[in-house]
file work_38.cif (mmCIF, C-alpha atoms)
data_start
#
loop_
_atom_site.label_atom_id
_atom_site.label_comp_id
_atom_site.auth_asym_id
_atom_site.auth_seq_id
_atom_site.Cartn_x
_atom_site.Cartn_y
_atom_site.Cartn_z
CA MET A 682 157.64 115.71 268.59
CA ALA A 683 160.81 115.46 266.59
CA ALA A 684 160.35 114.07 263.11
CA ALA A 685 161.90 110.67 262.78
CA ARG A 686 164.55 110.36 260.10
CA LEU A 687 163.44 107.92 257.48
CA PRO A 688 166.11 105.67 256.06
CA GLY A 689 166.80 105.65 252.34
CA ARG A 690 167.46 108.13 249.64
CA ASN A 691 166.42 111.26 251.45
CA VAL A 692 169.11 110.65 254.02
CA VAL A 693 171.68 110.13 251.29
CA ASN A 694 170.60 113.26 249.48
CA ASP A 695 170.74 115.33 252.65
CA ARG A 696 174.19 114.08 253.40
CA GLU A 697 175.50 114.83 249.96
CA HIS A 698 173.80 118.23 249.83
CA THR A 699 173.29 117.72 246.19
CA SER A 700 170.84 119.79 244.24
CA ALA A 701 171.40 117.95 240.96
CA GLU A 702 168.74 115.52 239.73
CA PRO A 703 169.64 111.96 240.64
CA THR A 704 170.68 109.91 237.61
CA LEU A 705 168.08 107.39 236.54
CA PRO A 706 169.21 103.78 236.38
CA GLU A 707 169.90 102.43 232.90
CA VAL A 708 167.20 100.27 231.34
CA ALA A 709 169.66 97.36 231.12
CA GLN A 710 170.33 97.73 234.84
CA VAL A 711 166.57 97.55 235.54
CA TRP A 712 166.34 94.35 233.49
CA ASP A 713 169.16 92.90 235.60
CA TRP A 714 167.29 93.77 238.77
CA LEU A 715 164.09 92.21 237.44
CA HIS A 716 166.06 89.11 236.49
CA ALA A 717 166.71 88.63 240.19
CA VAL A 718 163.01 88.77 241.16
CA PRO A 719 161.71 85.20 241.60
CA ASP A 720 158.29 84.02 240.49
CA PRO A 721 156.29 83.90 243.76
CA GLU A 722 154.89 80.41 243.13
CA ILE A 723 157.85 78.80 241.36
CA PRO A 724 160.74 80.68 242.99
CA VAL A 725 163.35 78.68 241.06
CA ILE A 726 162.69 80.84 237.99
CA SER A 727 162.66 84.61 237.73
CA LEU A 728 160.09 86.91 236.22
CA THR A 729 162.29 87.48 233.19
CA ASP A 730 162.77 83.69 232.75
CA LEU A 731 158.99 83.42 232.67
CA GLY A 732 158.82 86.02 229.90
CA ILE A 733 156.11 88.13 231.49
CA ILE A 734 158.09 91.38 231.57
CA ARG A 735 157.26 92.78 228.15
CA ASP A 736 158.99 96.14 228.30
CA VAL A 737 161.09 98.43 230.44
CA ALA A 738 161.25 102.06 229.34
CA TYR A 739 161.19 105.62 230.55
CA GLU A 740 158.49 108.14 229.89
CA GLU A 741 160.27 111.33 230.90
CA ASP A 742 161.64 110.38 234.32
CA THR A 743 159.02 107.75 235.13
CA LEU A 744 160.07 104.14 234.78
CA ILE A 745 157.37 102.13 233.00
CA VAL A 746 157.45 98.35 233.46
CA THR A 747 154.99 96.50 231.25
CA VAL A 748 153.83 93.13 232.58
CA THR A 749 151.55 90.55 230.98
CA PRO A 750 149.57 88.06 233.09
CA THR A 751 150.23 84.34 232.62
CA TYR A 752 146.62 83.30 233.23
CA SER A 753 143.84 85.85 233.67
CA GLY A 754 142.91 84.38 237.04
CA CYS A 755 146.42 83.68 238.30
CA PRO A 756 146.41 84.80 241.95
CA ALA A 757 150.16 85.42 241.73
CA THR A 758 149.62 88.39 239.41
CA SER A 759 149.08 90.93 242.17
CA ILE A 760 151.98 89.47 244.19
CA ILE A 761 154.20 89.69 241.11
CA ASN A 762 153.37 93.39 240.75
CA LEU A 763 154.07 93.93 244.43
CA ASP A 764 157.41 92.07 244.15
CA ILE A 765 158.45 94.14 241.13
CA GLU A 766 157.60 97.35 242.91
CA THR A 767 159.36 96.28 246.12
CA ALA A 768 162.50 95.24 244.24
CA LEU A 769 162.73 98.39 242.13
CA ARG A 770 161.95 100.72 245.01
CA GLY A 771 164.63 98.89 246.99
CA HIS A 772 167.07 99.85 244.24
CA GLY A 773 166.04 103.49 244.62
CA VAL A 774 163.53 103.84 241.79
CA GLU A 775 161.05 106.49 242.86
CA LYS A 776 158.85 107.23 239.89
CA LEU A 777 157.51 103.90 238.80
CA GLU A 778 154.44 102.77 236.92
CA LEU A 779 153.40 99.18 236.22
CA ARG A 780 151.29 98.62 233.14
CA ARG A 781 149.27 95.54 232.28
CA GLN A 782 149.45 94.39 228.68
CA LEU A 783 146.98 91.73 227.53
CA SER A 784 147.91 91.51 223.87
CA PRO A 785 149.83 89.69 222.55
CA ALA A 786 148.69 87.14 225.12
CA TRP A 787 151.44 85.45 227.11
CA THR A 788 152.72 82.23 225.66
CA THR A 789 155.09 79.67 227.13
CA ASP A 790 157.23 80.27 224.00
CA TRP A 791 158.47 83.38 225.80
CA MET A 792 160.03 81.34 228.58
CA THR A 793 163.82 81.50 228.33
CA GLN A 794 165.99 78.43 227.78
CA SER A 795 167.63 78.96 231.15
CA GLY A 796 164.14 79.18 232.69
CA ARG A 797 163.26 75.84 231.09
CA ASP A 798 166.46 74.24 232.35
CA LYS A 799 165.88 75.55 235.87
CA LEU A 800 162.31 74.20 235.89
CA GLU A 801 163.45 70.76 234.85
CA ALA A 802 166.24 70.68 237.44
CA TYR A 803 163.59 71.65 240.03
CA GLY A 804 161.38 68.69 239.04
CA ILE A 805 158.84 70.49 236.85
CA ALA A 806 158.77 69.34 233.22
CA PRO A 807 159.11 72.43 230.98
CA PRO A 808 156.48 73.24 228.34
CA GLN A 809 156.87 71.39 225.03
CA PRO A 810 155.35 72.25 221.64
CA ALA A 811 154.00 68.69 221.47
CA GLY A 812 151.63 69.55 224.32
CA GLY A 813 153.06 67.13 226.87
CA PRO A 814 156.36 66.52 228.66
CA ASP A 815 159.03 64.78 226.59
CA LYS A 816 160.43 62.98 229.62
CA CYS A 817 160.14 62.50 233.36
CA PRO A 818 162.05 65.30 235.12
CA HIS A 819 163.11 62.81 237.82
CA CYS A 820 164.42 59.74 235.97
CA GLY A 821 164.41 60.88 232.34
CA SER A 822 162.13 58.08 231.13
CA GLN A 823 159.94 58.88 228.13
CA HIS A 824 157.16 56.68 229.49
CA VAL A 825 154.83 59.27 230.98
CA GLU A 826 151.06 59.67 231.25
CA LYS A 827 148.70 62.52 232.02
CA MET A 828 146.79 62.39 235.31
CA SER A 829 145.01 65.74 235.09
CA GLN A 830 145.10 68.80 232.91
CA PHE A 831 145.28 70.93 236.06
CA GLY A 832 147.90 70.97 238.77
CA SER A 833 148.97 72.89 241.84
CA THR A 834 148.76 76.21 239.95
CA PRO A 835 146.75 77.23 236.86
CA CYS A 836 149.88 76.99 234.70
CA LYS A 837 150.62 73.35 235.47
CA ALA A 838 149.19 69.91 234.71
CA GLN A 839 149.77 66.68 236.64
CA TRP A 840 151.62 63.87 234.93
CA ARG A 841 153.11 60.61 236.14
CA CYS A 842 156.13 58.61 235.08
CA THR A 843 155.24 54.98 234.42
CA ALA A 844 158.92 53.93 234.82
CA CYS A 845 159.80 55.44 238.21
CA LEU A 846 156.11 55.90 239.17
CA GLU A 847 156.74 59.43 240.47
CA PRO A 848 154.05 62.02 239.80
CA PHE A 849 155.32 65.37 238.54
CA ASP A 850 154.14 68.79 237.47
CA TYR A 851 154.23 69.72 233.80
CA PHE A 852 154.25 73.39 232.86
CA LYS A 853 151.38 73.60 230.38
CA CYS A 854 152.02 74.95 226.92
CA ILE A 855 149.75 77.85 226.06
CA MET B 680 136.51 102.13 222.35
CA ALA B 681 134.29 101.11 219.43
CA ASN B 682 131.97 103.70 217.96
CA VAL B 683 128.78 102.32 219.47
CA ASP B 684 126.13 103.39 221.98
CA LYS B 685 127.78 103.27 225.43
CA GLU B 686 124.72 101.86 227.17
CA MET B 687 124.51 99.03 224.64
CA LEU B 688 128.23 98.33 224.94
CA THR B 689 127.90 98.22 228.72
CA GLN B 690 125.08 95.68 228.43
CA PHE B 691 127.23 93.51 226.17
CA LEU B 692 130.18 93.66 228.60
CA LEU B 693 127.93 92.84 231.57
CA ARG B 694 126.68 89.78 229.69
CA MET B 695 130.23 88.60 229.10
CA GLY B 696 131.40 89.36 232.64
CA ASP B 697 128.30 88.12 234.45
CA ASN B 698 128.49 84.82 232.57
CA THR B 699 132.02 84.15 233.78
CA LEU B 700 131.33 85.58 237.24
CA ILE B 701 128.23 83.49 237.98
CA LEU B 702 129.64 80.30 236.50
CA GLY B 703 132.97 80.96 238.26
CA HIS B 704 131.12 81.24 241.56
CA ARG B 705 129.06 78.11 240.94
CA VAL B 706 132.14 76.09 240.02
CA SER B 707 133.99 77.39 243.09
CA GLU B 708 131.25 75.86 245.25
CA TRP B 709 132.83 72.49 244.41
CA CYS B 710 136.12 73.40 246.10
CA GLY B 711 136.79 70.65 248.62
CA HIS B 712 133.78 68.55 247.52
CA ALA B 713 134.79 66.98 244.20
CA PRO B 714 134.84 63.17 243.89
CA VAL B 715 138.63 62.96 243.46
CA LEU B 716 141.51 65.32 244.22
CA GLU B 717 142.47 65.88 240.56
CA GLU B 718 138.93 66.96 239.72
CA ASP B 719 138.75 69.20 242.77
CA ILE B 720 141.90 70.99 241.60
CA ALA B 721 140.60 71.13 238.02
CA LEU B 722 137.30 72.69 239.12
CA ALA B 723 139.05 75.24 241.34
CA ASN B 724 141.43 76.18 238.53
CA THR B 725 138.58 76.53 236.06
CA ALA B 726 136.71 78.77 238.50
CA LEU B 727 139.87 80.82 238.93
CA ASP B 728 140.22 81.34 235.18
CA LEU B 729 136.57 82.38 234.96
CA ILE B 730 136.90 84.88 237.82
CA GLY B 731 140.06 86.23 236.20
CA GLN B 732 138.21 86.75 232.93
CA THR B 733 135.42 88.42 234.92
CA GLN B 734 137.89 90.99 236.23
CA LEU B 735 138.80 91.86 232.66
CA TRP B 736 135.21 92.06 231.35
CA LEU B 737 133.72 93.89 234.33
CA GLY B 738 136.82 96.07 234.62
CA TYR B 739 136.21 97.24 231.08
CA ALA B 740 132.46 97.60 231.76
CA ALA B 741 133.34 99.91 234.66
CA GLU B 742 135.65 101.90 232.37
CA VAL B 743 132.88 102.31 229.78
CA MET B 744 130.26 103.22 232.40
CA ASP B 745 132.72 105.83 233.70
CA ASP B 746 130.72 106.61 236.84
CA GLY B 747 133.43 105.87 239.40
CA LYS B 748 132.47 102.22 239.93
CA THR B 749 134.99 99.38 239.86
CA ALA B 750 134.70 95.75 238.72
CA ASP B 751 134.27 94.83 242.39
CA ASP B 752 131.38 97.29 242.82
CA ILE B 753 129.68 95.78 239.79
CA ALA B 754 130.17 92.22 241.04
CA PHE B 755 129.28 92.72 244.67
CA LEU B 756 126.86 95.63 244.88
CA ARG B 757 124.24 94.90 242.23
CA ASP B 758 121.05 93.00 242.90
CA ALA B 759 119.64 90.03 240.98
CA TRP B 760 117.72 92.06 238.38
CA ASP B 761 120.90 93.86 237.31
CA PHE B 762 122.68 90.64 236.34
CA ARG B 763 122.93 89.72 232.65
CA ASN B 764 124.21 86.13 232.79
CA LEU B 765 122.63 83.18 231.00
CA LEU B 766 120.09 81.32 233.15
CA LEU B 767 122.04 78.11 232.50
CA LEU B 768 124.95 79.39 234.57
CA GLU B 769 123.01 80.32 237.71
CA LEU B 770 121.33 76.92 238.08
CA PRO B 771 122.46 74.91 241.10
CA ASN B 772 125.37 72.55 240.38
CA GLY B 773 123.48 69.29 240.75
CA ASP B 774 125.80 66.29 240.76
CA PHE B 775 129.32 66.25 239.33
CA GLY B 776 128.02 65.05 235.96
CA GLN B 777 125.50 67.88 235.68
CA THR B 778 128.19 70.40 236.64
CA LEU B 779 130.47 69.11 233.89
CA MET B 780 127.63 68.96 231.37
CA ARG B 781 126.82 72.62 232.05
CA GLN B 782 130.53 73.45 231.83
CA PHE B 783 130.75 71.72 228.45
CA LEU B 784 127.62 73.44 227.06
CA PHE B 785 129.10 76.82 228.07
CA ASP B 786 132.74 76.07 227.15
CA ALA B 787 131.61 75.04 223.66
CA TYR B 788 129.82 78.38 223.29
CA GLN B 789 132.85 80.36 224.52
CA SER B 790 135.24 78.39 222.31
CA ILE B 791 133.23 79.58 219.28
CA LEU B 792 132.41 83.12 220.44
CA LEU B 793 135.84 84.20 221.76
CA PRO B 794 137.82 83.64 218.52
CA ARG B 795 135.22 85.84 216.78
CA LEU B 796 135.64 88.51 219.45
CA MET B 797 139.40 88.57 218.78
CA LYS B 798 138.45 90.39 215.57
CA SER B 799 136.23 92.89 217.39
CA SER B 800 136.29 96.52 216.22
CA ASP B 801 136.76 97.34 219.92
CA GLN B 802 140.45 96.85 220.69
CA THR B 803 140.01 96.16 224.40
CA ILE B 804 137.40 93.49 223.70
CA ALA B 805 139.73 91.93 221.12
CA GLU B 806 142.56 91.85 223.68
CA ILE B 807 140.43 90.34 226.47
CA ALA B 808 139.14 87.74 224.02
CA GLU B 809 142.70 86.87 222.96
CA LYS B 810 143.60 86.18 226.58
CA ALA B 811 140.37 84.31 227.45
CA CYS B 812 140.46 82.28 224.24
CA LYS B 813 143.52 80.30 225.30
CA GLU B 814 141.85 79.37 228.58
CA ALA B 815 138.51 78.50 226.94
CA ALA B 816 140.41 76.17 224.60
CA TYR B 817 141.65 73.90 227.39
CA HIS B 818 138.43 74.26 229.35
CA VAL B 819 136.41 72.82 226.48
CA GLU B 820 139.00 70.12 225.91
CA ARG B 821 138.64 68.95 229.49
CA SER B 822 134.86 69.29 229.81
CA ALA B 823 134.30 67.53 226.48
CA GLU B 824 136.61 64.66 227.51
CA THR B 825 134.82 64.32 230.83
CA VAL B 826 131.37 64.38 229.22
CA VAL B 827 132.49 61.59 226.87
CA GLY B 828 134.08 59.62 229.72
CA LEU B 829 130.96 59.80 231.88
CA GLY B 830 128.40 59.55 229.07
CA ASP B 831 130.08 56.52 227.55
CA GLY B 832 130.99 55.20 230.99
CA THR B 833 129.08 52.98 233.36
CA GLU B 834 125.33 52.45 233.24
CA GLU B 835 124.94 54.77 236.22
CA SER B 836 127.15 57.56 234.85
CA HIS B 837 125.45 57.34 231.45
CA LYS B 838 122.02 57.63 233.06
CA ARG B 839 123.08 60.66 235.06
CA MET B 840 124.66 62.41 232.08
CA GLN B 841 121.56 61.85 229.95
CA ALA B 842 119.43 63.25 232.78
CA ALA B 843 121.79 66.25 233.07
CA LEU B 844 121.53 66.95 229.35
CA GLU B 845 117.73 66.78 229.51
CA ARG B 846 117.69 69.07 232.54
CA LEU B 847 120.00 71.66 230.96
CA TRP B 848 118.98 71.51 227.31
CA PRO B 849 116.07 74.00 227.67
CA TYR B 850 118.65 76.58 228.82
CA VAL B 851 120.89 76.28 225.75
CA GLY B 852 118.68 78.27 223.38
CA GLU B 853 119.14 81.49 225.35
CA MET B 854 122.78 81.68 224.19
CA PHE B 855 121.57 82.32 220.65
CA ALA B 856 118.51 84.50 221.30
CA SER B 857 119.58 87.79 219.72
CA ASP B 858 118.10 91.12 220.73
CA GLU B 859 118.70 94.84 220.12
CA VAL B 860 121.98 94.81 222.07
CA ASP B 861 123.33 92.05 219.83
CA ALA B 862 122.10 93.88 216.73
CA ALA B 863 123.93 97.06 217.81
CA MET B 864 127.13 95.09 218.54
CA ALA B 865 126.96 93.27 215.21
CA ALA B 866 126.31 96.49 213.27
CA ALA B 867 129.35 98.14 214.87
CA GLY B 868 131.56 95.09 214.33
CA VAL B 869 132.01 94.69 218.10
CA ALA B 870 130.63 91.16 218.36
CA PRO B 871 128.92 88.61 216.12
CA ASP B 872 125.16 88.10 216.23
CA PRO B 873 124.94 85.08 218.57
CA ALA B 874 122.30 83.49 216.33
CA SER B 875 125.03 83.16 213.69
CA LEU B 876 127.03 80.87 216.00
CA ARG B 877 124.32 78.23 216.37
CA GLU B 878 125.25 76.06 213.41
CA GLU B 879 128.87 75.72 214.48
CA TYR B 880 127.77 75.14 218.08
CA ASP B 881 125.35 72.39 217.13
CA ALA B 882 128.05 70.70 215.06
CA LEU B 883 130.54 70.80 217.95
CA ILE B 884 128.23 69.58 220.69
CA GLY B 885 126.59 67.08 218.30
CA LYS B 886 129.97 65.45 217.71
CA VAL B 887 130.92 65.28 221.40
CA LEU B 888 127.50 64.18 222.68
CA SER B 889 127.28 61.47 220.06
CA GLU B 890 130.70 60.21 221.11
CA ALA B 891 129.37 60.29 224.66
CA THR B 892 126.44 58.09 223.49
CA LEU B 893 123.99 60.75 224.70
CA SER B 894 120.82 61.85 222.87
CA ILE B 895 120.06 65.53 222.43
CA PRO B 896 116.41 66.17 223.39
CA ASP B 897 114.12 66.83 220.45
CA SER B 898 112.87 70.23 221.62
CA ASP B 899 113.68 73.85 220.80
CA PHE B 900 112.00 75.23 223.91
CA ALA B 901 114.27 77.80 225.55
CA HIS B 902 114.01 79.46 228.94
CA LYS B 903 115.02 83.10 228.54
CA GLY B 904 115.36 86.19 230.70
CA GLY B 905 118.93 85.99 232.05
CA ARG B 906 120.96 87.85 229.45
CA ASN B 907 118.41 90.68 229.30
CA GLY B 908 117.82 90.54 233.07
CA LYS B 909 114.03 90.31 232.76
CA THR B 910 113.41 87.00 234.52
CA HIS B 911 116.20 85.32 236.43
CA THR B 912 115.53 82.03 238.19
CA GLU B 913 114.99 82.02 241.94
CA HIS B 914 118.46 80.50 242.26
CA LEU B 915 120.37 83.68 241.42
CA GLY B 916 119.26 85.55 244.54
CA HIS B 917 120.38 82.67 246.75
CA LEU B 918 123.74 82.59 244.99
CA LEU B 919 124.20 86.33 245.52
CA THR B 920 123.52 86.08 249.24
CA GLN B 921 126.65 83.96 249.48
CA MET B 922 128.79 85.66 246.86
CA GLN B 923 128.05 89.19 248.06
CA TRP B 924 127.82 88.46 251.77
CA LEU B 925 131.06 90.09 252.82
CA GLN B 926 130.49 93.37 250.97
CA ARG B 927 126.90 93.52 252.21
CA ALA B 928 127.85 92.85 255.85
CA TYR B 929 130.98 95.03 255.82
CA PRO B 930 130.47 97.63 253.09
CA GLY B 931 133.70 98.81 251.51
CA ALA B 932 135.86 96.11 253.13
CA THR B 933 139.14 95.68 251.27
CA TRP B 934 141.67 92.86 251.14
#

call {"tool": "encode", "arguments": {"input": "work_38.cif", "output": "structure tokens"}}
result
Amino acid sequence: MAAARLPGRNVVNDREHTSAEPTLPEVAQVWDWLHAVPDPEIPVISLTDLGIIRDVAYEEDTLIVTVTPTYSGCPATSIINLDIETALRGHGVEKLELRRQLSPAWTTDWMTQSGRDKLEAYGIAPPQPAGGPDKCPHCGSQHVEKMSQFGSTPCKAQWRCTACLEPFDYFKCI
Amino acid sequence: MANVDKEMLTQFLLRMGDNTLILGHRVSEWCGHAPVLEEDIALANTALDLIGQTQLWLGYAAEVMDDGKTADDIAFLRDAWDFRNLLLLELPNGDFGQTLMRQFLFDAYQSILLPRLMKSSDQTIAEIAEKACKEAAYHVERSAETVVGLGDGTEESHKRMQAALERLWPYVGEMFASDEVDAAMAAAGVAPDPASLREEYDALIGKVLSEATLSIPDSDFAHKGGRNGKTHTEHLGHLLTQMQWLQRAYPGATW
């Protein structure tokens, strides 16, 4: 049986007949790629917006991506790792290792400003140092009340606006 | 890894991981049965945090044991006598009030123990504690608020919360019953002697239970045998038949 030709790099390498080592993508380029990987549960923000990518570096020719979990029981963690691997392999990264880093523990302080803005535009109130949303993400009213400390995912709480009466998710501050 | 007897360290890690595993499983039994949607979600999320912490504790236990087992093997392939959780956590849920009372009694303990473990001489334990600490902080906030709300609530809710406290109180003492494992951990700076946490614990629960208008029973009697595995209650075996069913029926099944 004839071996099927697999698509991807091998084909490219064969075609170019190159014996030189392929150049490894720049670290900054890898960060750009990761910036395009959405959070699986809140796809409006990316993994870098969330602040869970702690480091991108090479150890010899192996790319090491260090990731910290948001919550220890967050079911998205394994999907996030899978998404990172899929994205980077799609960009041709072959030698890749994902490392889990627990300390320092993830904090919502690491969320980027653009991540916060995107959350709010999406209807999720971004985390606030005061421990609660400063305003309703729908109508902007400051009259809000907590319904439950837990929401649709471990990272969110349920709040309600007493002006427009709409319930909304608040990204908890931890 | 801290410079301490590996067998002792393993026992300590199993105690930490089995506590969160067994309580996580118990709390997950509420999924779809809570009195209101918000509480259902809250219970499921709490269970999820506890199971997540279990992966960290038992994952490290597996690393220390170094005999090829994984956290999953430890969780799903041991029998009742190998478990090292507090008896309190394997008791059936009872009503919603009793479930939240148990949660509060345990959350209060964790909220005092975990900050101490952040200073452990064992770096991995310190890191797991740092992660778990943040979750324990909002767990205790919620369970304390709910205990106050129900204790100082209606006549019926007050009666049930007082009954829950009386039912569970004899299981509190085991948290502080130190043994040779605790002595070894304390000597190596891995973990505090649990007996040393009692004063702070009593102050914390005293404040919340008094706000909840509940009376702490006047008895020091403590059921023991969970954290050393000598005498579990009959309830643990029943719990395991559910929790371990899939791995027992289909050994080695993977997701």

call {"tool": "resolve_selection", "arguments": {"input": "work_38.cif", "expression": "the PyMOL selection byres ((chain B and resi 902) around 7)", "output": "PDB file with C-alpha atoms, in the frame of the given file"}}
result
ATOM      1  CA  PRO B 849     116.070  74.000 227.670  1.00  0.00           C
ATOM      2  CA  TYR B 850     118.650  76.580 228.820  1.00  0.00           C
ATOM      3  CA  GLU B 853     119.140  81.490 225.350  1.00  0.00           C
ATOM      4  CA  PHE B 900     112.000  75.230 223.910  1.00  0.00           C
ATOM      5  CA  ALA B 901     114.270  77.800 225.550  1.00  0.00           C
ATOM      6  CA  LYS B 903     115.020  83.100 228.540  1.00  0.00           C
TER       7      LYS B 903
END

call {"tool": "closest_residue", "arguments": {"input": "work_38.cif", "among": "A:Cys820, A:Cys836, A:Ala717, A:Ala786", "to": "chain B", "atoms": "only C-alpha atoms"}}
result
A:Ala786

call {"tool": "interface_residues", "arguments": {"input": "work_38.cif", "of": "chain A", "to": "chain B", "cutoff": "10 Å", "atoms": "only C-alpha atoms", "output": "VMD selection string"}}
result
chain A and resid 750 to 756 782 to 788 828 to 836 838 to 839 855

call {"tool": "resolve_selection", "arguments": {"input": "work_38.cif", "expression": "the PyMOL selection byres ((chain A and resi 745) around 10)", "output": "short mmCIF file (atom, residue, chain, number, x, y, z; two decimals) with C-alpha atoms, keeping the file's coordinate frame"}}
result
data_model
loop_
_atom_site.label_atom_id
_atom_site.label_comp_id
_atom_site.auth_asym_id
_atom_site.auth_seq_id
_atom_site.Cartn_x
_atom_site.Cartn_y
_atom_site.Cartn_z
CA ASP A 736 158.99 96.14 228.30
CA VAL A 737 161.09 98.43 230.44
CA ALA A 738 161.25 102.06 229.34
CA TYR A 739 161.19 105.62 230.55
CA GLU A 740 158.49 108.14 229.89
CA GLU A 741 160.27 111.33 230.90
CA ASP A 742 161.64 110.38 234.32
CA THR A 743 159.02 107.75 235.13
CA LEU A 744 160.07 104.14 234.78
CA VAL A 746 157.45 98.35 233.46
CA THR A 747 154.99 96.50 231.25
CA VAL A 748 153.83 93.13 232.58
CA LYS A 776 158.85 107.23 239.89
CA LEU A 777 157.51 103.90 238.80
CA GLU A 778 154.44 102.77 236.92
CA LEU A 779 153.40 99.18 236.22
CA ARG A 780 151.29 98.62 233.14
#

call {"tool": "residues_around", "arguments": {"input": "work_38.cif", "residues": "Ala882 of chain B", "least_positions_apart": "5", "cutoff": "12 Å", "atoms": "only C-alpha atoms", "output": "list in words"}}
result
Ala787, Tyr788, Ile791, Leu876, Arg877, Val887, Leu888 and Ser889 of chain B

call {"tool": "closest_residue", "arguments": {"input": "work_38.cif", "among": "B:Met854, B:Val743, B:Ala823, B:Met687", "to": "Arg906 of chain B", "atoms": "only C-alpha atoms"}}
result
B:Met854

call {"tool": "residues_around", "arguments": {"input": "work_38.cif", "residues": "Cys817 of chain A", "least_positions_apart": "2", "cutoff": "12 Å", "atoms": "all atoms listed in the file", "output": "PyMOL selection string"}}
result
chain A and resi 801-807+813-815+819-827+839-851

call {"tool": "atom_distance", "arguments": {"input": "work_38.cif", "atom1": "atom CA of Leu769 of chain A", "atom2": "atom CA of Thr749 of chain A"}}
result
17.6 Å

call {"tool": "atom_distance", "arguments": {"input": "work_38.cif", "atom1": "atom CA of Thr920 of chain B", "atom2": "atom CA of Ala759 of chain B"}}
result
9.9 Å

call {"tool": "closest_residue", "arguments": {"input": "work_38.cif", "among": "B:Arg763, B:Arg927, B:His712, B:Arg781", "to": "His911 of chain B", "atoms": "only C-alpha atoms"}}
result
B:Arg763

call {"tool": "decode", "arguments": {"input": "work_38.cif", "residues": "segment 837-851 of chain A", "atoms": "N, CA and C atoms", "output": "PDB file, in the first residue's frame"}}
result
ATOM      1  N   LYS A 837     -17.139  33.584  37.590  1.00  0.00           N
ATOM      2  CA  LYS A 837     -18.115  34.668  37.558  1.00  0.00           C
ATOM      3  C   LYS A 837     -19.147  34.591  38.679  1.00  0.00           C
ATOM      4  N   ALA A 838     -19.689  35.757  39.034  1.00  0.00           N
ATOM      5  CA  ALA A 838     -20.776  35.845  40.006  1.00  0.00           C
ATOM      6  C   ALA A 838     -21.990  36.429  39.280  1.00  0.00           C
ATOM      7  N   GLN A 839     -23.185  36.238  39.871  1.00  0.00           N
ATOM      8  CA  GLN A 839     -24.390  36.781  39.231  1.00  0.00           C
ATOM      9  C   GLN A 839     -24.835  38.035  39.963  1.00  0.00           C
ATOM     10  N   TRP A 840     -24.974  39.089  39.197  1.00  0.00           N
ATOM     11  CA  TRP A 840     -25.471  40.353  39.739  1.00  0.00           C
ATOM     12  C   TRP A 840     -26.699  40.773  38.940  1.00  0.00           C
ATOM     13  N   ARG A 841     -27.366  41.825  39.464  1.00  0.00           N
ATOM     14  CA  ARG A 841     -28.566  42.313  38.778  1.00  0.00           C
ATOM     15  C   ARG A 841     -28.559  43.833  38.860  1.00  0.00           C
ATOM     16  N   CYS A 842     -29.024  44.455  37.814  1.00  0.00           N
ATOM     17  CA  CYS A 842     -29.135  45.911  37.802  1.00  0.00           C
ATOM     18  C   CYS A 842     -30.529  46.258  38.319  1.00  0.00           C
ATOM     19  N   THR A 843     -30.591  47.141  39.316  1.00  0.00           N
ATOM     20  CA  THR A 843     -31.913  47.495  39.847  1.00  0.00           C
ATOM     21  C   THR A 843     -32.552  48.628  39.043  1.00  0.00           C
ATOM     22  N   ALA A 844     -31.793  49.212  38.075  1.00  0.00           N
ATOM     23  CA  ALA A 844     -32.375  50.255  37.210  1.00  0.00           C
ATOM     24  C   ALA A 844     -33.027  49.616  35.981  1.00  0.00           C
ATOM     25  N   CYS A 845     -32.240  48.829  35.221  1.00  0.00           N
ATOM     26  CA  CYS A 845     -32.825  48.218  34.015  1.00  0.00           C
ATOM     27  C   CYS A 845     -33.335  46.801  34.282  1.00  0.00           C
ATOM     28  N   LEU A 846     -33.095  46.301  35.491  1.00  0.00           N
ATOM     29  CA  LEU A 846     -33.584  44.993  35.954  1.00  0.00           C
ATOM     30  C   LEU A 846     -32.938  43.798  35.250  1.00  0.00           C
ATOM     31  N   GLU A 847     -31.931  44.055  34.418  1.00  0.00           N
ATOM     32  CA  GLU A 847     -31.279  42.941  33.721  1.00  0.00           C
ATOM     33  C   GLU A 847     -30.275  42.254  34.657  1.00  0.00           C
ATOM     34  N   PRO A 848     -30.305  40.923  34.700  1.00  0.00           N
ATOM     35  CA  PRO A 848     -29.230  40.219  35.394  1.00  0.00           C
ATOM     36  C   PRO A 848     -27.972  40.244  34.527  1.00  0.00           C
ATOM     37  N   PHE A 849     -26.808  40.174  35.157  1.00  0.00           N
ATOM     38  CA  PHE A 849     -25.575  40.097  34.367  1.00  0.00           C
ATOM     39  C   PHE A 849     -24.498  39.344  35.136  1.00  0.00           C
ATOM     40  N   ASP A 850     -23.519  38.856  34.375  1.00  0.00           N
ATOM     41  CA  ASP A 850     -22.372  38.186  34.972  1.00  0.00           C
ATOM     42  C   ASP A 850     -21.344  39.228  35.398  1.00  0.00           C
ATOM     43  N   TYR A 851     -20.716  38.970  36.526  1.00  0.00           N
ATOM     44  CA  TYR A 851     -19.606  39.812  36.985  1.00  0.00           C
ATOM     45  C   TYR A 851     -18.386  38.909  37.103  1.00  0.00           C
TER      46      TYR A 851
END
